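Here the structure is laid out as structure tokens; the discussion comes afterwards.
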Amino acid sequence: MFLRGIQEMGIIYKVTYQLDPNIIYIGQSVLSLNERRRQHERNPNVWNLSDDSFDKILLKKGLDNWKWEILENNLETKEDLDRAEISNIKLHEEKGFKLLNIIHNPYNEVANQIKDGKKHSNYGAVKAWDEANQNAHKARYYTGKIKPVINLTSGNKYKTIIELRDKEKVSTPLINKLCETGEPHPQNGNQYAFLDLDDNPILKEGHNKSYPLLQKIEIVEIKTGTSKQLTQLRQLKLF
């Protein structure tokens with residue numbers, strides 16, 4: 001089932017290459033560790049990624065040669081996740097670990113910036129979310145770290161599920177489900193879809209179906225002025 005492994009709280013996780021434990025990857029997710037691992041290992045677009053992307057390195061070095069573990073959990077907001085990820089990346093880099101994160105890979109020119117005549121790793125992770133940095137942005141998109149979403153009913157677009165969740169007060173598991181099935185929101189009837197890298201909705205078969213929705217109507221008795229509410233079923237073809 002699609003919702004398996006999805007959780008409300010976020011985690012920071014570390015992946016260690018067991019044949020050389022000095023090589024690691026650190027990431028964040030609102031999924032369970034098992035589900036996030038499954039996304040990395042089964043990325044259908046892996047061969048379209050750059051050679052220094054984690055998913056491609058993971059596959060080339062053998063899926064069974066990695067240790068997965070949670071560093072922090074129960075992180076409630078996107079800000080908490082970003083702060084914890086940056087902190088753990090900085091800590092491990094200072095300890096001499098070789099990070100496979102694209103923006104922190106010392107062999108990736110995009111990952112470094114010149115400051116005071118020296119190279120410094122970009123701890124701030126700003127470039128990772130900056131669409132102008134295409135390598136980092138695409139890697140985050142393909143590995144599921146960012147999932148842009150659109151409310152098809154209102155036309156509002158969101159850069160991440162977390163942003164939609166906070167603005168429209170819809171839980172992340174429900175957003176994922178509605179985007180994958182194409183079904184309308186059970187209370188307000190809104191339809192949602194993920195966006196591709198070109199900002200186009202990724203429509204599923206369910207987006208074109210008709211759905212029965214409950215509609216409350218009020219009947220007023222003219223003579224007495226009293227009213228009563230009835231609930232009727234109506235068919236809506238949203239798209």
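Letters A, B, ... mark the chains of the structure tokens in the order given; residue numbers begin at 1 per chain; ligand numbers begin at 1, in order shown.
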Surrounding residues of Cys179 (chain A) excluding itself and chain neighbours under 6 positions, 12 Å, only C-alpha atoms, as a PyMOL selection string: chain A and resi 2-3+147-152+161+172-173+185+190-195+201-207
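By chain and then residue number, the residues within 8 Å of Glu41 (chain A) are Asp55, Leu58, Leu59 and Leu63 of chain A, counting only C-alpha atoms and disregarding those fewer than 5 positions away in sequence.
Here CA of Thr181 (chain A) is placed at a distance of 26.8 Å from CA of Trp47 (chain A).
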Those of region 29-117 of chain A in DSSP alpha helix (DSSP H), formatted as an NGL selection string: :A and (33-41 or 54-60 or 78-94)
Convert the current residue selection to file output with N, CA and C atoms, as a JSON list (two decimals), in the first residue's frame.
[["chain", "number", "residue", "atom", "x", "y", "z"],
["A", 33, "LEU", "N", 12.59, 5.31, 7.66],
["A", 33, "LEU", "CA", 13.91, 5.00, 7.10],
["A", 33, "LEU", "C", 13.79, 3.92, 6.02],
["A", 34, "ASN", "N", 12.97, 2.91, 6.27],
["A", 34, "ASN", "CA", 12.81, 1.82, 5.30],
["A", 34, "ASN", "C", 12.23, 2.33, 3.98],
["A", 35, "GLU", "N", 11.25, 3.22, 4.07],
["A", 35, "GLU", "CA", 10.63, 3.74, 2.86],
["A", 35, "GLU", "C", 11.59, 4.66, 2.11],
["A", 36, "ARG", "N", 12.33, 5.48, 2.85],
["A", 36, "ARG", "CA", 13.30, 6.37, 2.21],
["A", 36, "ARG", "C", 14.40, 5.56, 1.54],
["A", 37, "ARG", "N", 14.83, 4.48, 2.21],
["A", 37, "ARG", "CA", 15.85, 3.59, 1.62],
["A", 37, "ARG", "C", 15.32, 2.98, 0.33],
["A", 38, "ARG", "N", 14.06, 2.58, 0.36],
["A", 38, "ARG", "CA", 13.47, 1.96, -0.83],
["A", 38, "ARG", "C", 13.46, 2.95, -2.00],
["A", 39, "GLN", "N", 13.20, 4.23, -1.71],
["A", 39, "GLN", "CA", 13.22, 5.24, -2.77],
["A", 39, "GLN", "C", 14.61, 5.38, -3.38],
["A", 40, "HIS", "N", 15.62, 5.42, -2.52],
["A", 40, "HIS", "CA", 16.99, 5.54, -3.03],
["A", 40, "HIS", "C", 17.36, 4.33, -3.89],
["A", 41, "GLU", "N", 17.04, 3.14, -3.39],
["A", 41, "GLU", "CA", 17.49, 1.92, -4.06],
["A", 41, "GLU", "C", 16.72, 1.62, -5.34],
["A", 54, "PHE", "N", 24.18, 10.42, -5.18],
["A", 54, "PHE", "CA", 24.22, 9.32, -4.22],
["A", 54, "PHE", "C", 23.54, 8.06, -4.74],
["A", 55, "ASP", "N", 22.39, 8.20, -5.36],
["A", 55, "ASP", "CA", 21.65, 7.02, -5.81],
["A", 55, "ASP", "C", 22.45, 6.20, -6.82],
["A", 56, "LYS", "N", 23.20, 6.88, -7.69],
["A", 56, "LYS", "CA", 23.99, 6.15, -8.68],
["A", 56, "LYS", "C", 25.20, 5.48, -8.01],
["A", 57, "ILE", "N", 25.83, 6.18, -7.08],
["A", 57, "ILE", "CA", 26.96, 5.60, -6.34],
["A", 57, "ILE", "C", 26.49, 4.40, -5.53],
["A", 58, "LEU", "N", 25.33, 4.54, -4.91],
["A", 58, "LEU", "CA", 24.73, 3.47, -4.11],
["A", 58, "LEU", "C", 24.58, 2.20, -4.94],
["A", 59, "LEU", "N", 24.09, 2.35, -6.14],
["A", 59, "LEU", "CA", 23.86, 1.19, -7.01],
["A", 59, "LEU", "C", 25.18, 0.60, -7.51],
["A", 60, "LYS", "N", 26.10, 1.46, -7.92],
["A", 60, "LYS", "CA", 27.36, 0.98, -8.47],
["A", 60, "LYS", "C", 28.21, 0.24, -7.45],
["A", 78, "LYS", "N", 9.94, 21.76, 8.74],
["A", 78, "LYS", "CA", 10.95, 21.78, 7.70],
["A", 78, "LYS", "C", 12.20, 22.51, 8.18],
["A", 79, "GLU", "N", 12.00, 23.56, 8.96],
["A", 79, "GLU", "CA", 13.14, 24.31, 9.50],
["A", 79, "GLU", "C", 13.97, 23.43, 10.43],
["A", 80, "ASP", "N", 13.30, 22.62, 11.25],
["A", 80, "ASP", "CA", 14.01, 21.69, 12.14],
["A", 80, "ASP", "C", 14.82, 20.68, 11.33],
["A", 81, "LEU", "N", 14.23, 20.17, 10.26],
["A", 81, "LEU", "CA", 14.91, 19.19, 9.42],
["A", 81, "LEU", "C", 16.15, 19.80, 8.76],
["A", 82, "ASP", "N", 15.99, 20.99, 8.19],
["A", 82, "ASP", "CA", 17.13, 21.65, 7.53],
["A", 82, "ASP", "C", 18.25, 21.92, 8.52],
["A", 83, "ARG", "N", 17.87, 22.43, 9.69],
["A", 83, "ARG", "CA", 18.87, 22.78, 10.70],
["A", 83, "ARG", "C", 19.62, 21.53, 11.17],
["A", 84, "ALA", "N", 18.89, 20.45, 11.41],
["A", 84, "ALA", "CA", 19.52, 19.21, 11.88],
["A", 84, "ALA", "C", 20.39, 18.59, 10.80],
["A", 85, "GLU", "N", 19.94, 18.64, 9.54],
["A", 85, "GLU", "CA", 20.73, 18.07, 8.45],
["A", 85, "GLU", "C", 22.05, 18.84, 8.29],
["A", 86, "ILE", "N", 21.96, 20.16, 8.30],
["A", 86, "ILE", "CA", 23.16, 20.98, 8.15],
["A", 86, "ILE", "C", 24.13, 20.73, 9.30],
["A", 87, "SER", "N", 23.58, 20.64, 10.51],
["A", 87, "SER", "CA", 24.41, 20.42, 11.70],
["A", 87, "SER", "C", 25.14, 19.09, 11.62],
["A", 88, "ASN", "N", 24.44, 18.04, 11.22],
["A", 88, "ASN", "CA", 25.06, 16.71, 11.14],
["A", 88, "ASN", "C", 26.06, 16.63, 10.00],
["A", 89, "ILE", "N", 25.77, 17.28, 8.89],
["A", 89, "ILE", "CA", 26.71, 17.30, 7.78],
["A", 89, "ILE", "C", 28.00, 18.01, 8.20],
["A", 90, "LYS", "N", 27.84, 19.14, 8.83],
["A", 90, "LYS", "CA", 29.01, 19.91, 9.28],
["A", 90, "LYS", "C", 29.84, 19.11, 10.28],
["A", 91, "LEU", "N", 29.16, 18.47, 11.24],
["A", 91, "LEU", "CA", 29.84, 17.69, 12.27],
["A", 91, "LEU", "C", 30.65, 16.55, 11.66],
["A", 92, "HIS", "N", 30.06, 15.81, 10.74],
["A", 92, "HIS", "CA", 30.75, 14.66, 10.13],
["A", 92, "HIS", "C", 31.86, 15.11, 9.19],
["A", 93, "GLU", "N", 31.65, 16.24, 8.52],
["A", 93, "GLU", "CA", 32.71, 16.73, 7.65],
["A", 93, "GLU", "C", 33.92, 17.17, 8.46],
["A", 94, "GLU", "N", 33.66, 17.81, 9.61],
["A", 94, "GLU", "CA", 34.75, 18.26, 10.48],
["A", 94, "GLU", "C", 35.51, 17.07, 11.07]]
Residues within 12 Å of Val30 (chain A), only C-alpha atoms, excluding chain neighbours under 6 positions, as a PyMOL selection string: chain A and resi 5-13+36+72-78+80-82+144-147+160-162+171-173+176
Pull N, CA and C atoms from the residues just selected and write them as a PDB file, in the first residue's frame.
ATOM      1  N   GLY A   5       4.899   3.287   5.607  1.00  0.00           N
ATOM      2  CA  GLY A   5       6.197   3.885   5.879  1.00  0.00           C
ATOM      3  C   GLY A   5       6.155   5.394   6.002  1.00  0.00           C
ATOM      4  N   ILE A   6       5.029   6.040   5.656  1.00  0.00           N
ATOM      5  CA  ILE A   6       4.962   7.485   5.759  1.00  0.00           C
ATOM      6  C   ILE A   6       4.628   7.871   7.192  1.00  0.00           C
ATOM      7  N   GLN A   7       5.315   8.884   7.698  1.00  0.00           N
ATOM      8  CA  GLN A   7       5.117   9.286   9.078  1.00  0.00           C
ATOM      9  C   GLN A   7       4.967  10.796   9.138  1.00  0.00           C
ATOM     10  N   GLU A   8       4.445  11.285  10.273  1.00  0.00           N
ATOM     11  CA  GLU A   8       4.225  12.706  10.430  1.00  0.00           C
ATOM     12  C   GLU A   8       5.520  13.437  10.744  1.00  0.00           C
ATOM     13  N   MET A   9       6.399  12.829  11.560  1.00  0.00           N
ATOM     14  CA  MET A   9       7.632  13.486  11.980  1.00  0.00           C
ATOM     15  C   MET A   9       8.763  13.211  10.988  1.00  0.00           C
ATOM     16  N   GLY A  10       9.741  14.105  10.968  1.00  0.00           N
ATOM     17  CA  GLY A  10      10.866  13.937  10.068  1.00  0.00           C
ATOM     18  C   GLY A  10      12.060  13.287  10.744  1.00  0.00           C
ATOM     19  N   ILE A  11      12.974  12.766   9.922  1.00  0.00           N
ATOM     20  CA  ILE A  11      14.178  12.113  10.434  1.00  0.00           C
ATOM     21  C   ILE A  11      15.410  12.626   9.693  1.00  0.00           C
ATOM     22  N   ILE A  12      16.555  12.507  10.362  1.00  0.00           N
ATOM     23  CA  ILE A  12      17.861  12.690   9.731  1.00  0.00           C
ATOM     24  C   ILE A  12      18.520  11.313   9.736  1.00  0.00           C
ATOM     25  N   TYR A  13      18.982  10.865   8.576  1.00  0.00           N
ATOM     26  CA  TYR A  13      19.544   9.525   8.489  1.00  0.00           C
ATOM     27  C   TYR A  13      20.948   9.559   7.889  1.00  0.00           C
ATOM     28  N   ARG A  36      12.330   5.475   2.851  1.00  0.00           N
ATOM     29  CA  ARG A  36      13.301   6.366   2.207  1.00  0.00           C
ATOM     30  C   ARG A  36      14.399   5.556   1.544  1.00  0.00           C
ATOM     31  N   GLU A  72      18.693  11.390  13.937  1.00  0.00           N
ATOM     32  CA  GLU A  72      17.733  12.167  14.727  1.00  0.00           C
ATOM     33  C   GLU A  72      16.329  11.869  14.216  1.00  0.00           C
ATOM     34  N   ASN A  73      15.348  11.913  15.100  1.00  0.00           N
ATOM     35  CA  ASN A  73      13.972  11.698  14.671  1.00  0.00           C
ATOM     36  C   ASN A  73      13.029  12.655  15.401  1.00  0.00           C
ATOM     37  N   ASN A  74      11.757  12.538  15.114  1.00  0.00           N
ATOM     38  CA  ASN A  74      10.717  13.372  15.726  1.00  0.00           C
ATOM     39  C   ASN A  74      10.931  14.867  15.473  1.00  0.00           C
ATOM     40  N   LEU A  75      11.474  15.207  14.297  1.00  0.00           N
ATOM     41  CA  LEU A  75      11.648  16.608  13.919  1.00  0.00           C
ATOM     42  C   LEU A  75      10.350  17.097  13.285  1.00  0.00           C
ATOM     43  N   GLU A  76       9.773  18.154  13.819  1.00  0.00           N
ATOM     44  CA  GLU A  76       8.401  18.516  13.485  1.00  0.00           C
ATOM     45  C   GLU A  76       8.255  19.434  12.284  1.00  0.00           C
ATOM     46  N   THR A  77       9.229  20.300  12.012  1.00  0.00           N
ATOM     47  CA  THR A  77       9.066  21.278  10.936  1.00  0.00           C
ATOM     48  C   THR A  77      10.175  21.154   9.908  1.00  0.00           C
ATOM     49  N   LYS A  78       9.940  21.757   8.743  1.00  0.00           N
ATOM     50  CA  LYS A  78      10.953  21.781   7.698  1.00  0.00           C
ATOM     51  C   LYS A  78      12.203  22.510   8.185  1.00  0.00           C
ATOM     52  N   ASP A  80      13.299  22.615  11.246  1.00  0.00           N
ATOM     53  CA  ASP A  80      14.013  21.692  12.138  1.00  0.00           C
ATOM     54  C   ASP A  80      14.821  20.683  11.332  1.00  0.00           C
ATOM     55  N   LEU A  81      14.228  20.169  10.261  1.00  0.00           N
ATOM     56  CA  LEU A  81      14.913  19.194   9.417  1.00  0.00           C
ATOM     57  C   LEU A  81      16.151  19.800   8.762  1.00  0.00           C
ATOM     58  N   ASP A  82      15.995  20.987   8.191  1.00  0.00           N
ATOM     59  CA  ASP A  82      17.130  21.646   7.529  1.00  0.00           C
ATOM     60  C   ASP A  82      18.251  21.918   8.520  1.00  0.00           C
ATOM     61  N   GLY A 144      13.571  12.389  -4.076  1.00  0.00           N
ATOM     62  CA  GLY A 144      12.395  12.588  -3.230  1.00  0.00           C
ATOM     63  C   GLY A 144      12.549  13.587  -2.120  1.00  0.00           C
ATOM     64  N   LYS A 145      13.663  14.307  -2.072  1.00  0.00           N
ATOM     65  CA  LYS A 145      13.839  15.279  -0.990  1.00  0.00           C
ATOM     66  C   LYS A 145      12.958  16.497  -1.187  1.00  0.00           C
ATOM     67  N   ILE A 146      12.644  16.815  -2.412  1.00  0.00           N
ATOM     68  CA  ILE A 146      11.665  17.857  -2.669  1.00  0.00           C
ATOM     69  C   ILE A 146      10.570  17.269  -3.549  1.00  0.00           C
ATOM     70  N   LYS A 147       9.331  17.611  -3.243  1.00  0.00           N
ATOM     71  CA  LYS A 147       8.202  17.137  -4.022  1.00  0.00           C
ATOM     72  C   LYS A 147       7.272  18.321  -4.267  1.00  0.00           C
ATOM     73  N   THR A 160       7.138  22.338  -1.912  1.00  0.00           N
ATOM     74  CA  THR A 160       7.274  21.078  -1.182  1.00  0.00           C
ATOM     75  C   THR A 160       5.930  20.681  -0.582  1.00  0.00           C
ATOM     76  N   ILE A 161       5.831  19.400  -0.221  1.00  0.00           N
ATOM     77  CA  ILE A 161       4.639  18.913   0.468  1.00  0.00           C
ATOM     78  C   ILE A 161       4.473  19.630   1.802  1.00  0.00           C
ATOM     79  N   ILE A 162       5.592  19.890   2.474  1.00  0.00           N
ATOM     80  CA  ILE A 162       5.542  20.546   3.782  1.00  0.00           C
ATOM     81  C   ILE A 162       4.907  21.927   3.663  1.00  0.00           C
ATOM     82  N   SER A 171      -2.627  16.783   5.969  1.00  0.00           N
ATOM     83  CA  SER A 171      -1.512  15.957   6.428  1.00  0.00           C
ATOM     84  C   SER A 171      -0.690  15.445   5.248  1.00  0.00           C
ATOM     85  N   THR A 172       0.609  15.219   5.492  1.00  0.00           N
ATOM     86  CA  THR A 172       1.482  14.733   4.413  1.00  0.00           C
ATOM     87  C   THR A 172       1.075  13.356   3.885  1.00  0.00           C
ATOM     88  N   PRO A 173       0.647  12.417   4.739  1.00  0.00           N
ATOM     89  CA  PRO A 173       0.199  11.127   4.181  1.00  0.00           C
ATOM     90  C   PRO A 173      -0.986  11.292   3.240  1.00  0.00           C
ATOM     91  N   ASN A 176       0.159  12.811  -0.138  1.00  0.00           N
ATOM     92  CA  ASN A 176       0.785  11.764  -0.953  1.00  0.00           C
ATOM     93  C   ASN A 176      -0.270  10.868  -1.599  1.00  0.00           C
TER      94      ASN A 176
END
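Using only C-alpha atoms, the shortest contact distance between Glu69 (chain A) and any of A:Leu164, A:Leu49, A:Val15, A:Ile175 is found at A:Val15.
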